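S.K.: Here it is, the structure in full.
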Amino acid sequence: MARRAGLPALRVAIVCGVLILALAANAGNLARTASESSPTAQSESQASKYPLVLTVTSTSRRTHKGATTTMGAGVLTSKDDPTKPPENISFQCDTGVYSHAGKNIYPARLHKPYQLRIAVREIGSEKIKEFTCKY
């Protein structure tokens, strides 16, 4: 569908069963569920809960029967152990995770072997929720 010159693109997403509309300044990935604050901007207690950082480099999403699944690639780094090298991972999450310039950093913690819990803020909400990602 063509867009008129000078008008921003309208993005549509269904996240956790909620229809979300957002105006986009560019035509990049559908983007807005990402945690809008960096891990360093969070409170100390929140930061200590998430000793890892997932930096998303690419994603693709699938919605089936109202549930969104994200497959992607990223880099997992430790905030607690600077000597531990970053780990390139492929992941699958049970929510919409986005790769959007400058807003693709998610606080993370290990949940089970090969599972992360990431902190995500939904569009139009100040509440941060945790979602599971397998890698």
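How things are named: the first chain in the structure tokens is A, the next is B, and so on; residues count from 1 in each chain; ligands count from 1 in the order shown.
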Kindly provide the residues of segment 36-97 of chain A that approach segment 102-126 of chain A to within 6 Å, each paired with its closest atom pair and their distance in Å to one decimal, based on only C-alpha atoms, listed by chain and increasing number, as a tab-separated table.
M.R.:
residue	atom	partner	partner_atom	distance
A:Pro39	CA	A:Pro107	CA	5.8
A:Tyr50	CA	A:Arg109	CA	4.9
A:Pro51	CA	A:Arg109	CA	5.9
A:Leu52	CA	A:Ala108	CA	4.9
A:Val53	CA	A:Pro107	CA	4.8
A:Leu54	CA	A:Tyr106	CA	5.1
A:Thr55	CA	A:Ile105	CA	4.6
A:Val56	CA	A:Asn104	CA	5.3
S.K.: Could you take the residues named above and write them with C-alpha atoms, as a compact mmCIF listing (two decimals), in the first residue's frame?
M.R.:
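In the end it all went to part.txt:
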# COMPACT_ATOMS: atom_id res chain seq x y z
CA PRO A 39 19.00 -0.91 32.30
CA TYR A 50 18.52 -8.32 35.79
CA PRO A 51 22.25 -9.16 35.66
CA LEU A 52 22.18 -9.62 31.87
CA VAL A 53 21.43 -7.41 28.89
CA LEU A 54 19.89 -8.72 25.66
CA THR A 55 20.68 -6.45 22.72
CA VAL A 56 18.39 -7.42 19.84
S.K.: Give me, please, the distance in Å between atom CA of Asn88 of chain A and atom CA of Ser48 of chain A, quoted to one decimal.
M.R.: 22.5 Å
S.K.: For segment 94-99 of chain A, work out the shell of residues within 6 Å, counting only C-alpha atoms and skipping chain neighbours fewer than 4 positions away, then give it as number ranges by chain.
M.R.: A: 31, 56-58, 68-70, 104
S.K.: Could you turn the residues from that selection into a file that holds C-alpha atoms, as a PDB file, in the first residue's frame?
M.R.:
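What ended up in out.pdb:
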ATOM      1  CA  ALA A  31       8.753  -1.008  17.052  1.00  0.00           C
ATOM      2  CA  VAL A  56      18.393  -7.424  19.845  1.00  0.00           C
ATOM      3  CA  THR A  57      19.953  -7.188  16.380  1.00  0.00           C
ATOM      4  CA  SER A  58      17.178  -8.653  14.196  1.00  0.00           C
ATOM      5  CA  THR A  68       2.619 -13.025  19.172  1.00  0.00           C
ATOM      6  CA  THR A  69       5.881 -14.955  18.959  1.00  0.00           C
ATOM      7  CA  THR A  70       9.183 -13.319  18.090  1.00  0.00           C
ATOM      8  CA  ASN A 104      16.638  -2.615  21.346  1.00  0.00           C
TER       9      ASN A 104
END
S.K.: Given the choices A:Ser60, A:Gly66, A:Ser78, A:Phe91, which gets closest to Lys134 of chain A if the distance is worked out from only C-alpha atoms?
M.R.: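 Closest to Lys134 of chain A of all the choices is A:Phe91.
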